[in-house]
Amino acid sequence: MRPLLFLLLILPSAPSALMAQDTHAKPHSLSIQTDLLAYTSKGGYSLWGVYRRGNNQAYLAWVHYPNTNKNAESADDFTETRSWFRLGFTRYLAPQQLKGLYAGVNLEYYWRSIEEKATSALIQDNYFAFAPIVGYTFSPIPEGKLSPFTVMLWAGARFRPNYYRYDHVFTDTGAVFPLPSPVELTLGINLGWRFNFSPLVAKP
Amino acid sequence: MKKYTHFPISGISSLLLLLLLSGCNAIEYPLFNGKLANADYWSDTPMILSAGLGFESIIGLDPLDQQNVIRVGGSWYGSLTCTNGEEPTTAMLTSATGNVSTVFKGDANEADALPIVFSWPVASETVDITDFKFTLNTGEVVFPTAAGMLPNWEYNERNCVVVFGEMGNRLPSSDPDARFVVKLEIVADDLPLLLIGPGGQEFNAVGLTWTTDKSPYDEGPKLVGAKLNRLTNGPVGESDGGSLYASGAKYLPNDEFALYDEGDFRLRMLTSGGFSPDGVTGVKPDLYEDFFRIHAKGPNGDTVLLEKVGVTYQLAGGTLRVVGLSDLGQRENPAAGIFYDDCYQEDRDNYIDIILVGDEAAARNITFLEIPGIPGGYRAFYNPGGPGPEPTPGIRYTAPGPPDLEPVIIALDNPMRVSRDGSN
């Protein structure tokens, strides 16, 4: 029921980001990106499709991140693997001053598995999260054939509603995968290639 | 002129609203999530082990201050000073409580308290005030106004549900005007109370009953179970409860691994009510000799009493030594301001552990856990309705616990524990 409530509350607000429009030019672009941080775990990867129209931007990403808890205390006893869809709605804030600066929200839906190392027992669950984020997009080589190459740096705080549901008990041993934090740092270093060469920002 | 729409404020508002909504039951929910991790069951048969009135009128006070506590008949330890120099908290000065609605289902206003102890842990998602029908000695039938898992919230506990309501007065049962609970019946509601037993089996508790003819102003709390297990690899289920309490509770960690550098066996006792030396102050880990002794078979078949901490006793099959008590509060650590004094913070639940070191063959010869009580020359336990160190003249407090001899279940072969994820 709560995931449904989540969607009902969030989705109506999302189109407002896309509908917020400039009064004239609406350049648009599509880029394919990947987040380098996904590769910091063996077997991890991410694939993003980012659509920008005027100063509004939306993206859909799939991220697979094995061994998510590798730096946590729980890593001694458990292996956590998360995969998730990320739907993002953002808007470029000050196109005249910092033309690459944007803010928005990520909405995420997770498929998670937790393996107890001692027994190989597996628990799987699903959950929603959301993250207000800020980011900055730029083209490191603005001229020439490599000008479509873009870098997108972003960070935010990821909230997990009802996070306390996500501790789990392994019934064979009584081992408890510990309670997660309700808030996590979320960030990314995206490299991408823009296929549409419309200007990134409308000129005043 | 270019016109920009601000980042969607309505979106942020929705997110904050969502966060607020999702956080509304942030404290209550984990206590009722149905999870168990190595929780003990105390019998092969599901039953109610105790359900007598605990104490009267000191739950849900507003305000929770000295004047109001004494007005309703609670005890207040006004002269308390802490060895670490800190100001005592209200919880150190009295067992009375303020608002309970954030952690219990329902509410309580100057209410009585009654712990219900089951032989099997409960599926906490099924606990509600509508499960418990009480009959008083006067024939009145009452239901509680609040029910919950505190203070037995850890995943390896959860045998005991505490309810609050108007369930009696302070007169002893011999008084013709006495009012107290004489019968509990588990009754059907929309989500019937479930107990979780061996192998994770679920038992519908509707129909279970328990009766008594005693008031807590006749006699205080006693043992309803004692069980010997091996120490496992780490404190499984300890301090786990999915609760916000876990991260901030100053009495955690309180398991045997945190308190002691040694231990082979854990003798866990299950009590009919909260145990306190006086009703207000906490039990300290070094108080074994003040309250307990263990009976075991000696080399010649005679009974050996394990009365002292640190003494190696020769038993049939080998030796055994008492290390101390645990599942109370943190290890004494003067550098961190933790002293075994009257400000010591412990979990005040229905479980206390005795940690033992020795031979398994000797441990198998443990027979009873005894609380000799005042008649035996020992100290007695009181529930939280007890007089405290500074009782107010003219107020009747709950009585001291009686001498008690509880058979010890040897759970070395079958640990008699159950786990349950209960996430769905």
# chains A, B, ... in the order shown; residues from 1 in each chain; ligands from 1

$ residues_around --residues "region 74-86 of chain A" --least-positions-apart "2" --cutoff "7 Å" --atoms "only C-alpha atoms" --output "NGL selection string"
:A and (60-72 or 88 or 106-117)

$ write_last_selection --atoms "C-alpha atoms" --output "short mmCIF file (atom, residue, chain, number, x, y, z; two decimals), in the first residue's frame"
data_model
loop_
_atom_site.label_atom_id
_atom_site.label_comp_id
_atom_site.auth_asym_id
_atom_site.auth_seq_id
_atom_site.Cartn_x
_atom_site.Cartn_y
_atom_site.Cartn_z
CA LEU A 60 15.76 6.95 -16.71
CA ALA A 61 18.59 4.80 -15.46
CA TRP A 62 19.23 1.20 -14.57
CA VAL A 63 21.94 0.57 -12.02
CA HIS A 64 23.33 -2.73 -10.81
CA TYR A 65 25.61 -2.54 -7.82
CA PRO A 66 26.75 -5.85 -6.29
CA ASN A 67 28.31 -6.02 -2.86
CA THR A 68 26.65 -2.76 -1.89
CA ASN A 69 27.61 -3.14 1.74
CA LYS A 70 31.28 -3.92 1.11
CA ASN A 71 32.45 -1.08 3.30
CA ALA A 72 29.88 -1.58 6.05
CA GLY A 88 14.87 11.70 -12.44
CA ASN A 106 15.45 11.05 -8.19
CA LEU A 107 12.75 8.46 -7.68
CA GLU A 108 14.11 4.97 -7.31
CA TYR A 109 12.71 1.47 -7.14
CA TYR A 110 14.97 -1.24 -5.80
CA TRP A 111 15.40 -4.93 -6.19
CA ARG A 112 17.62 -6.02 -3.33
CA SER A 113 19.07 -9.33 -2.26
CA ILE A 114 20.91 -10.09 0.96
CA GLU A 115 22.96 -13.25 1.26
CA GLU A 116 24.08 -14.61 4.59
CA LYS A 117 27.62 -15.76 3.92
#

$ residues_around --residues "Tyr340 (chain B)" --least-positions-apart "2" --cutoff "9 Å" --atoms "only C-alpha atoms" --output "MDAnalysis selection string"
chainID B and resid 83 283:286 331:333 338 342:345

$ residues_around --residues "Gly98 (chain B)" --least-positions-apart "3" --cutoff "8 Å" --atoms "only C-alpha atoms" --output "list of chain:residue names"
B:Ile59, B:Gly60, B:Leu61, B:Asp62, B:Pro63, B:Leu64

$ write_last_selection --atoms "C-alpha atoms" --output "compact mmCIF listing (two decimals), in the first residue's frame"
# COMPACT_ATOMS: atom_id res chain seq x y z
CA ILE B 59 1.58 5.04 33.60
CA GLY B 60 0.81 7.98 31.33
CA LEU B 61 1.27 10.92 33.68
CA ASP B 62 1.03 14.51 32.54
CA PRO B 63 3.12 16.15 33.76
CA LEU B 64 5.71 13.62 34.77

$ closest_residue --among "B:Val142, B:Val418, B:Ala258, B:Ala51" --to "chain A" --atoms "only C-alpha atoms"
B:Val418

$ residues_around --residues "Leu49 (chain B)" --least-positions-apart "5" --cutoff "9 Å" --atoms "only C-alpha atoms" --output "VMD selection string"
chain B and resid 116 to 119 210 224 to 225 272

$ write_last_selection --atoms "N, CA and C atoms" --output "short mmCIF file (atom, residue, chain, number, x, y, z; two decimals), in the first residue's frame"
data_model
loop_
_atom_site.label_atom_id
_atom_site.label_comp_id
_atom_site.auth_asym_id
_atom_site.auth_seq_id
_atom_site.Cartn_x
_atom_site.Cartn_y
_atom_site.Cartn_z
N ILE B 116 1.94 -9.60 30.32
CA ILE B 116 1.40 -10.92 29.97
C ILE B 116 2.55 -11.73 29.37
N VAL B 117 2.93 -12.79 30.04
CA VAL B 117 4.08 -13.57 29.62
C VAL B 117 3.61 -14.88 29.01
N PHE B 118 4.08 -15.13 27.79
CA PHE B 118 3.71 -16.35 27.08
C PHE B 118 4.91 -17.30 27.02
N SER B 119 4.59 -18.58 26.88
CA SER B 119 5.67 -19.56 26.76
C SER B 119 6.31 -19.52 25.38
N TRP B 210 -5.76 -17.66 31.69
CA TRP B 210 -4.86 -17.70 32.85
C TRP B 210 -5.64 -17.13 34.03
N VAL B 224 9.10 -17.24 35.97
CA VAL B 224 8.18 -18.14 35.27
C VAL B 224 8.94 -19.02 34.27
N GLY B 225 10.25 -18.84 34.19
CA GLY B 225 11.03 -19.70 33.32
C GLY B 225 12.51 -19.52 33.59
N SER B 272 7.85 -12.73 35.74
CA SER B 272 6.43 -12.37 35.60
C SER B 272 6.22 -10.87 35.52
#

$ residues_around --residues "Ala399 (chain B)" --least-positions-apart "2" --cutoff "12 Å" --atoms "only C-alpha atoms" --output "number ranges by chain"
B: 54-55, 170-172, 214-222, 276-279, 373-374, 380-388, 396-397, 401-402

$ residues_around --residues "region 48-50 of chain A" --least-positions-apart "4" --cutoff "8 Å" --atoms "only C-alpha atoms" --output "PyMOL selection string"
chain A and resi 30-35+57-62

$ select_by_dssp --residues "region 200-302 of chain B" --states "helix (DSSP H, G or I)" --output "ChimeraX atom specification"
/B:200,244-248,256-259,288-291

$ write_last_selection --atoms "C-alpha atoms" --output "PDB file, in the first residue's frame"
ATOM      1  CA  GLY B 200       8.314 -21.325  13.259  1.00  0.00           C
ATOM      2  CA  LEU B 244      14.904   3.716  16.760  1.00  0.00           C
ATOM      3  CA  TYR B 245      15.561   2.846  20.362  1.00  0.00           C
ATOM      4  CA  ALA B 246      18.360   0.560  19.376  1.00  0.00           C
ATOM      5  CA  SER B 247      20.686   3.297  18.286  1.00  0.00           C
ATOM      6  CA  GLY B 248      20.102   5.602  21.210  1.00  0.00           C
ATOM      7  CA  GLU B 256      27.169 -11.211  27.663  1.00  0.00           C
ATOM      8  CA  PHE B 257      29.755 -10.571  24.973  1.00  0.00           C
ATOM      9  CA  ALA B 258      29.758  -6.870  25.695  1.00  0.00           C
ATOM     10  CA  LEU B 259      29.933  -7.299  29.455  1.00  0.00           C
ATOM     11  CA  TYR B 288      24.075 -12.063  41.488  1.00  0.00           C
ATOM     12  CA  GLU B 289      25.009 -12.866  45.073  1.00  0.00           C
ATOM     13  CA  ASP B 290      22.366 -10.522  46.429  1.00  0.00           C
ATOM     14  CA  PHE B 291      19.460 -12.238  44.730  1.00  0.00           C
TER      15      PHE B 291
END

$ residues_around --residues "Glu86 (chain B)" --least-positions-apart "4" --cutoff "10 Å" --atoms "only C-alpha atoms" --output "PyMOL selection string"
chain B and resi 81-82+337+343

$ write_last_selection --atoms "N, CA and C atoms" --output "PDB file, in the first residue's frame"
ATOM      1  N   THR B  81      21.949  11.045  43.489  1.00  0.00           N
ATOM      2  CA  THR B  81      23.072  11.693  42.801  1.00  0.00           C
ATOM      3  C   THR B  81      23.850  10.611  42.060  1.00  0.00           C
ATOM      4  N   CYS B  82      24.370  10.988  40.922  1.00  0.00           N
ATOM      5  CA  CYS B  82      25.076  10.020  40.083  1.00  0.00           C
ATOM      6  C   CYS B  82      26.582  10.148  40.286  1.00  0.00           C
ATOM      7  N   GLY B 337      31.739   7.157  32.100  1.00  0.00           N
ATOM      8  CA  GLY B 337      30.700   7.620  33.020  1.00  0.00           C
ATOM      9  C   GLY B 337      29.675   6.567  33.380  1.00  0.00           C
ATOM     10  N   CYS B 343      22.226   5.205  39.452  1.00  0.00           N
ATOM     11  CA  CYS B 343      21.886   5.830  38.164  1.00  0.00           C
ATOM     12  C   CYS B 343      22.084   4.858  36.996  1.00  0.00           C
TER      13      CYS B 343
END

$ atom_distance --atom1 "CA of Ile371 (chain B)" --atom2 "CA of Val311 (chain B)"
18.9 Å

$ atom_distance --atom1 "CA of Asn99 (chain B)" --atom2 "CA of Asn169 (chain B)"
21.1 Å
